[in-house]
Structure formats: C-alpha cells, structure tokens
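Shown below: protein_10.csv, with CSV, C-alpha atoms.
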chain,number,residue,atom,x,y,z
Y,1174,GLY,CA,0.0,0.0,0.0
Y,1175,GLU,CA,2.8,2.4,0.9
Y,1176,ARG,CA,4.5,1.6,-2.5
Y,1177,ALA,CA,1.3,2.5,-4.4
Y,1178,VAL,CA,1.0,5.8,-2.5
Y,1179,LEU,CA,4.6,6.6,-3.1
Y,1180,GLU,CA,4.3,5.7,-6.8
Y,1181,THR,CA,1.3,8.0,-7.3
Y,1182,GLY,CA,2.6,10.8,-5.1
Y,1183,LEU,CA,-0.5,11.0,-2.9
Y,1184,THR,CA,-0.4,12.5,0.7
Y,1185,GLY,CA,-2.7,12.6,3.7
Y,1186,LEU,CA,-4.3,9.2,3.3
Y,1187,ALA,CA,-5.5,7.5,6.4
Y,1188,PRO,CA,-3.3,4.5,7.5
Y,1189,GLU,CA,-6.4,2.3,7.2
Y,1190,ILE,CA,-6.8,3.2,3.5
Y,1191,VAL,CA,-3.2,2.5,2.8
Y,1192,HIS,CA,-3.7,-0.9,4.5
Y,1193,LEU,CA,-6.7,-1.7,2.3
Y,1194,LEU,CA,-4.7,-0.6,-0.8
Y,1195,GLY,CA,-2.1,-3.2,0.2
Y,1196,LYS,CA,-4.7,-5.9,0.4
Y,1197,MET,CA,-5.6,-5.2,-3.2
Y,1198,LYS,CA,-2.2,-6.7,-4.3
Y,1199,TYR,CA,-3.7,-10.1,-3.6
Y,1200,ARG,CA,-6.9,-9.5,-5.7
Y,1201,THR,CA,-7.1,-10.0,-9.4
Y,1202,SER,CA,-9.9,-9.2,-11.9
Y,1203,TYR,CA,-9.8,-11.5,-15.0
Y,1204,GLY,CA,-6.1,-12.0,-14.3
Y,1205,GLN,CA,-5.3,-8.3,-13.9
Y,1206,ASN,CA,-3.8,-7.4,-10.6
Y,1207,VAL,CA,-6.2,-4.9,-8.9
Y,1208,LEU,CA,-3.5,-2.8,-7.2
Y,1209,ASN,CA,-1.4,-2.4,-10.4
Y,1210,HIS,CA,-4.7,-1.6,-12.2
Y,1211,SER,CA,-5.5,1.1,-9.7
Y,1212,ILE,CA,-2.0,2.7,-10.0
Y,1213,GLU,CA,-2.5,2.7,-13.8
Y,1214,VAL,CA,-5.9,4.3,-13.5
Y,1215,SER,CA,-4.5,7.0,-11.2
Y,1216,HIS,CA,-1.8,7.9,-13.7
Y,1217,ILE,CA,-4.1,7.8,-16.7
Y,1218,ALA,CA,-6.9,9.9,-15.1
Y,1219,ALA,CA,-4.4,12.5,-13.9
Y,1220,MET,CA,-2.9,12.8,-17.4
Y,1221,LEU,CA,-6.3,13.1,-19.0
Y,1222,ALA,CA,-7.2,15.8,-16.4
Y,1223,ALA,CA,-4.1,17.8,-17.2
Y,1224,GLU,CA,-5.0,17.6,-20.9
Y,1225,VAL,CA,-8.5,18.9,-20.5
Y,1226,GLY,CA,-7.9,21.4,-17.7
Y,1227,ALA,CA,-9.7,19.4,-14.9
Y,1228,ASP,CA,-8.4,18.9,-11.4
Y,1229,SER,CA,-5.4,16.4,-11.7
Y,1230,ALA,CA,-5.1,16.0,-8.0
Y,1231,VAL,CA,-8.7,14.8,-7.6
Y,1232,ALA,CA,-8.5,12.5,-10.7
Y,1233,ARG,CA,-5.2,11.0,-9.4
Y,1234,ARG,CA,-6.5,10.4,-5.9
Y,1235,ALA,CA,-9.8,8.9,-7.1
Y,1236,GLY,CA,-8.1,6.8,-9.7
Y,1237,LEU,CA,-5.9,5.1,-7.1
Y,1238,LEU,CA,-8.8,4.6,-4.7
Y,1239,HIS,CA,-11.6,3.7,-7.1
Y,1240,ASP,CA,-11.5,-0.1,-6.5
Y,1241,LEU,CA,-10.9,0.0,-2.7
Y,1242,GLY,CA,-14.2,-1.8,-2.1
Y,1243,LYS,CA,-12.7,-4.9,-3.7
Y,1244,ALA,CA,-10.5,-5.2,-0.6
Y,1245,VAL,CA,-13.6,-5.9,1.5
Y,1246,ASP,CA,-16.4,-7.0,-1.0
Y,1247,PHE,CA,-15.9,-10.7,-0.2
Y,1248,GLU,CA,-16.9,-9.8,3.4
Y,1249,LEU,CA,-19.9,-7.7,2.4
Y,1250,GLU,CA,-21.8,-9.5,-0.4
Y,1251,GLY,CA,-24.6,-8.0,-2.3
Y,1252,ARG,CA,-23.4,-4.4,-2.5
Y,1253,PRO,CA,-21.4,-3.2,-5.6
Y,1254,HIS,CA,-17.7,-2.6,-4.9
Y,1255,ALA,CA,-17.9,1.0,-6.2
Y,1256,LEU,CA,-20.5,1.9,-3.5
Y,1257,LEU,CA,-18.4,0.1,-0.9
Y,1258,THR,CA,-15.5,2.3,-2.0
Y,1259,GLY,CA,-17.6,5.4,-1.4
Y,1260,ASP,CA,-18.6,4.2,2.1
Y,1261,ILE,CA,-15.0,3.6,3.1
Y,1262,LEU,CA,-13.7,6.9,1.7
Y,1263,ARG,CA,-16.5,8.8,3.5
Y,1264,ARG,CA,-15.6,7.0,6.8
Y,1265,TYR,CA,-12.1,8.2,6.5
Y,1266,LYS,CA,-13.1,11.8,5.6
Y,1267,GLU,CA,-11.8,11.9,2.0
Y,1268,PRO,CA,-13.0,15.0,0.0
Y,1269,GLU,CA,-16.5,14.5,-1.5
Y,1270,LEU,CA,-15.1,15.2,-5.0
Y,1271,VAL,CA,-12.8,12.3,-4.7
Y,1272,VAL,CA,-15.5,10.1,-3.1
Y,1273,HIS,CA,-17.9,10.8,-6.0
Y,1274,ALA,CA,-15.4,10.2,-8.7
Y,1275,ALA,CA,-14.5,6.9,-7.2
Y,1276,GLU,CA,-18.0,5.6,-6.6
Y,1277,ALA,CA,-19.3,6.6,-10.0
Y,1278,HIS,CA,-16.7,4.6,-12.0
Y,1279,HIS,CA,-19.3,1.9,-12.9
Y,1280,HIS,CA,-22.3,4.3,-13.1
Y,1281,ASP,CA,-23.7,2.9,-9.8
Y,1282,VAL,CA,-23.9,6.7,-9.1
Y,1283,GLU,CA,-24.3,8.9,-12.2
Y,1284,PRO,CA,-21.0,10.9,-12.8
Y,1285,ALA,CA,-21.6,14.6,-12.1
Y,1286,THR,CA,-18.1,16.0,-12.5
Y,1287,ILE,CA,-15.5,15.9,-15.2
Y,1288,GLU,CA,-13.0,14.1,-12.8
Y,1289,ALA,CA,-15.6,11.3,-12.4
Y,1290,VAL,CA,-15.8,10.9,-16.1
Y,1291,LEU,CA,-12.0,10.8,-16.4
Y,1292,VAL,CA,-11.8,8.1,-13.8
Y,1293,ILE,CA,-14.3,6.0,-15.8
Y,1294,CYS,CA,-12.1,6.6,-18.9
Y,1295,GLY,CA,-9.0,5.6,-17.0
Y,1296,ASP,CA,-10.6,2.5,-15.7
Y,1297,GLN,CA,-11.7,1.3,-19.1
Y,1298,ILE,CA,-8.4,2.2,-20.8
Y,1299,SER,CA,-6.5,0.2,-18.2
Y,1300,ALA,CA,-8.8,-2.8,-18.3
Y,1301,ALA,CA,-9.2,-3.0,-22.1
Y,1302,ARG,CA,-5.6,-2.4,-23.1
Y,1303,PRO,CA,-3.9,-5.4,-24.9
Y,1304,GLY,CA,-2.4,-7.9,-22.3
Y,1305,ALA,CA,-4.2,-6.4,-19.3
Y,1306,ARG,CA,-6.6,-9.3,-18.8
Y,1307,ARG,CA,-6.1,-13.0,-19.3
Y,1308,GLU,CA,-8.4,-13.9,-22.2
Y,1309,THR,CA,-7.6,-16.1,-25.1
Y,1310,LEU,CA,-8.1,-14.8,-28.6
Y,1311,GLU,CA,-10.7,-17.5,-29.2
Y,1312,THR,CA,-12.8,-16.5,-26.3
Y,1313,TYR,CA,-12.5,-12.8,-27.3
Y,1314,VAL,CA,-13.6,-13.5,-30.9
Y,1315,LYS,CA,-16.5,-15.6,-29.7
Y,1316,ARG,CA,-17.7,-12.9,-27.4
Y,1317,LEU,CA,-17.6,-10.3,-30.2
Y,1318,LYS,CA,-19.5,-12.7,-32.5
Y,1319,LYS,CA,-22.1,-13.5,-29.8
Y,1320,LEU,CA,-22.7,-9.8,-29.2
Y,1321,GLU,CA,-23.3,-9.1,-32.9
Y,1322,GLU,CA,-25.6,-12.1,-33.1
Y,1323,ILE,CA,-27.7,-10.9,-30.2
Y,1324,GLY,CA,-28.0,-7.4,-31.8
Y,1325,GLU,CA,-29.0,-8.8,-35.2
Y,1326,GLY,CA,-31.5,-11.1,-33.6
Y,1327,PHE,CA,-34.0,-8.2,-33.0
Y,1328,GLN,CA,-36.5,-7.2,-35.6
Y,1329,GLY,CA,-35.8,-3.9,-37.4
Y,1330,VAL,CA,-32.1,-4.1,-36.9
Y,1331,GLU,CA,-30.1,-3.4,-40.1
Y,1332,LYS,CA,-26.5,-3.9,-38.8
Y,1333,THR,CA,-24.7,-4.5,-35.5
Y,1334,PHE,CA,-21.1,-3.6,-34.7
Y,1335,ALA,CA,-19.2,-4.7,-31.6
Y,1336,VAL,CA,-16.7,-1.9,-30.8
Y,1337,GLN,CA,-14.2,-0.9,-28.0
Y,1338,ALA,CA,-12.9,-4.5,-27.6
Y,1339,GLY,CA,-16.4,-5.8,-27.0
Y,1340,ARG,CA,-17.3,-3.1,-24.4
Y,1341,GLU,CA,-20.0,-1.6,-26.6
Y,1342,ILE,CA,-22.3,-2.6,-29.4
Y,1343,ARG,CA,-23.7,-0.1,-31.9
Y,1344,VAL,CA,-26.9,-1.1,-33.5
Y,1345,ILE,CA,-28.1,0.6,-36.7
Y,1346,VAL,CA,-31.9,0.2,-37.1
Y,1347,LYS,CA,-34.2,0.7,-40.1
Y,1348,PRO,CA,-35.9,4.1,-39.4
Y,1349,GLU,CA,-39.1,3.1,-41.2
Y,1350,GLN,CA,-39.6,0.2,-38.8
Y,1351,ILE,CA,-38.2,1.5,-35.5
Y,1352,ASP,CA,-39.4,4.9,-34.2
Y,1353,ASP,CA,-37.6,6.9,-31.4
Y,1354,LEU,CA,-39.6,5.3,-28.6
Y,1355,GLU,CA,-39.0,1.8,-29.9
Y,1356,ALA,CA,-35.3,2.5,-30.2
Y,1357,LEU,CA,-35.2,3.1,-26.4
Y,1358,ARG,CA,-37.1,-0.1,-25.8
Y,1359,LEU,CA,-34.7,-2.0,-28.1
Y,1360,ALA,CA,-31.6,-0.8,-26.2
Y,1361,ARG,CA,-33.1,-1.9,-22.9
Y,1362,ASN,CA,-34.2,-5.3,-24.2
Y,1363,MET,CA,-30.9,-5.9,-25.9
Y,1364,ALA,CA,-29.0,-5.0,-22.7
Y,1365,LYS,CA,-31.2,-7.4,-20.8
Y,1366,ARG,CA,-30.6,-10.2,-23.2
Y,1367,ILE,CA,-26.8,-9.7,-23.1
Y,1368,GLU,CA,-27.0,-9.9,-19.2
Y,1369,GLU,CA,-29.0,-13.1,-19.4
Y,1370,GLU,CA,-27.0,-14.9,-22.1
Y,1371,MET,CA,-23.4,-13.8,-21.7
Y,1372,GLU,CA,-20.5,-13.6,-19.3
Y,1373,TYR,CA,-18.1,-10.7,-19.6
Y,1374,PRO,CA,-15.9,-8.4,-17.5
Y,1375,GLY,CA,-17.2,-4.9,-16.5
Y,1376,GLN,CA,-20.2,-3.7,-18.4
Y,1377,ILE,CA,-21.3,-3.5,-22.1
Y,1378,LYS,CA,-22.9,-0.3,-23.5
Y,1379,VAL,CA,-25.7,-0.7,-26.0
Y,1380,THR,CA,-26.1,2.2,-28.5
Y,1381,VAL,CA,-29.0,2.2,-30.9
Y,1382,ILE,CA,-28.6,4.5,-33.8
Y,1383,ARG,CA,-31.7,5.6,-35.8
Y,1384,GLU,CA,-31.1,7.9,-38.7
Y,1385,THR,CA,-33.3,9.4,-41.4
Y,1386,ARG,CA,-31.7,11.1,-44.4
Y,1387,ALA,CA,-33.5,13.2,-46.9
Y,1388,VAL,CA,-31.6,13.5,-50.2
Y,1389,ASP,CA,-32.4,15.6,-53.3
Y,1390,TYR,CA,-30.3,17.0,-56.2
Y,1391,ALA,CA,-30.1,20.5,-57.7
Y,1392,LYS,CA,-29.8,20.1,-61.4
Structure re-expressed in structure tokens:
Amino acid sequence: GERAVLETGLTGLAPEIVHLLGKMKYRTSYGQNVLNHSIEVSHIAAMLAAEVGADSAVARRAGLLHDLGKAVDFELEGRPHALLTGDILRRYKEPELVVHAAEAHHHDVEPATIEAVLVICGDQISAARPGARRETLETYVKRLKKLEEIGEGFQGVEKTFAVQAGREIRVIVKPEQIDDLEALRLARNMAKRIEEEMEYPGQIKVTVIRETRAVDYAK
C-alpha cells in the first residue's frame, strides 16, 4: 500500500486506507492485478485531467482509490464494490469530489463531475488495453461474435457492430420500422438479453442509432 501511495505521489491518506490498498495486491480481476490496475488508472486519469484542464489531484487520488471496495467486498456480499468504496472513503473523511469520482466509475452513481468521467475513462483504458486481462483470442472473438448475433436477432435491426474491444455494441436500425420510442425499448431489451446470455468483464454499453436522411439533387 505504501509503495502504491509513493508511486502515485499521494499524501494525507488515512493509514487504514493504505492498509486496504495493500490488500488489493492479492486480488485479481480477469487475471489483472487490482492494485497495479489502480495505479495505472491513477496515472491515466491524472494525465487526462491535465490535458482537459480538470483537477489532476482529484483525478489522481480517485483513480488510485476507485476499487478500494474490492478489498472488502468478499466480506460484504450484495453491494457493488464501487459503492463500498464510497462508504470507506467517507468514513475516513476523503473529500467529496474524490469520493464521488471513485464511486461513479461503474455508473452505480451517475457521474456529475469531469473528474468522475475521467476516472471512468482511465478504468476502461487500463482494463481494455492489450495484455491487461487474461483472455484467449478464441474467447475474445467468440464474445464479439455473440454480441453481434444478439444485436442482429432483433426485428428492425439493419447492422450491429461490436466496438471498443467488446465493451460496446452499436446497433443501426431501419428508421421506417423503428421509431424513437421503440429505439429506447430496443436498447433496454438488448442489454437485458446480453446480461442473461453472456459472461463478460465490466459492463457493455448498447447504443441504438436511428437515422433518417432526406436527399435531393439540384440540377
């Protein structure tokens, strides 16, 4: 835990938080070490914040602490680890901006600050980069194929694309068959079917795209 704090340059953390960080060395998520992942997210979120003019200190701190709930989630089943993280950080009087950015990283709480969004980005970049998680090429390809099959199994769908290493599917629908309200229903039903039929790390975003074009020619 002390090594992680030193590496990210954080100060003023409660000793109990540093202890919990150390416990994360012995946790993995799909083969990715959770402490190393947290250090990566801290660096990535801070760099993104510097690029866009956000608060690098908040992004760096929240990035390191965002998965702290994973150090205790096996003791407290039934509550998402991001919300457990928020509980722990509030107990030890971390600033509310840091707490919010940490507990919003899986959208259990809707992100309300730019730093929260940057921690989400850092988390996804670290988890999705090549080599981060142990997954065979065959499993990966099968997952992408299954996602596209689920998308194309719904009526009114023209084409489905699995993007962002299988973390999102974009579904193009036929505008004459699917109206705006039906597009919302389709996204919800598709997400539900993915949850029921597939196993995957993290979360998968479903984006339904309905487009109407009017074309004419001036002669």
Q | Residue neighbourhood Y:Val1207, 10 Å, only C-alpha atoms, exclusion window fewer than 3 positions, as number ranges by chain | A | Y: 1194, 1196-1204, 1210-1213, 1240-1241, 1243-1244, 1300
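Distance annotation: of Y:Lys1365, Y:Ile1377, Y:Glu1349, Y:Val1292, the residue with the minimal separation from Y:Leu1317 is Y:Ile1377; atom set is only C-alpha atoms.
For Y:Leu1359, the set of protein, DNA and RNA residues having any atom at most 12 Å away, when counting only C-alpha atoms and skipping those fewer than 4 positions along the same chain, is Ile1323, Gly1324, Glu1325, Gly1326, Phe1327, Gln1328, Gly1329, Val1330, Arg1343, Val1344, Ile1345, Val1346, Gln1350, Ile1351, Asp1352, Asp1353, Leu1354, Glu1355, Met1363, Ala1364, Lys1365, Arg1366, Val1379, Thr1380, Val1381, Ile1382 and Arg1383 of chain Y.
Among the candidate residues Y:Thr1333, Y:Ala1338, Y:Glu1269, Y:Lys1347, the one lying nearest to Y:Lys1315 is Y:Ala1338, with distances computed using all atoms listed in the file.
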Requested in this report: Please provide the set of residues having any atom within 9 Å of Y:Ala1289, restricted to all atoms listed in the file, with same-chain residues fewer than 3 positions apart removed, written as a PyMOL selection string.
Outcome: chain Y and resi 1232+1235+1270-1271+1273-1278+1284-1286+1292-1294
Correct to one decimal, the distance atom CA of Y:His1239-atom CA of Y:Ala1255 is 6.9 Å
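Proximity of Y:Ile1287, Y:Tyr1265, Y:Ala1360, Y:Gly1259 to Y:Gly1185, computed with all atoms listed in the file, is greatest for Y:Tyr1265.
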Using all atoms listed in the file, the best pick from Y:Leu1291, Y:Ile1261, Y:Leu1179, Y:Leu1208 as closest to Y:Ala1227 would be Y:Leu1291
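With atom CA of Y:Glu1224 on one side and atom CA of Y:Glu1267 on the other, the separation reads 24.6 Å.
Here atom CA of Y:Gln1376 and atom CA of Y:Glu1322 stand 17.8 Å from one another.
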**Prompt:** Could you name the residues that touch Y:Ala1230 at 9 Å or less, counting only C-alpha atoms, but leaving out those on the same chain fewer than 5 positions away, as an MDAnalysis selection string?
**Reply:** chainID Y and resid 1183 1219 1222 1235
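The smallest atom-to-atom distance between Y:Thr1181 and any of Y:Gln1337, Y:Ser1215, Y:Asn1362, Y:Ser1229, using all atoms listed in the file, is found for Y:Ser1215.
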Residue with the minimum atom-to-atom distance to Y:Met1371, picked from Y:Thr1312, Y:Arg1264, Y:Ser1299, Y:Glu1331 with all atoms listed in the file counted, is Y:Thr1312
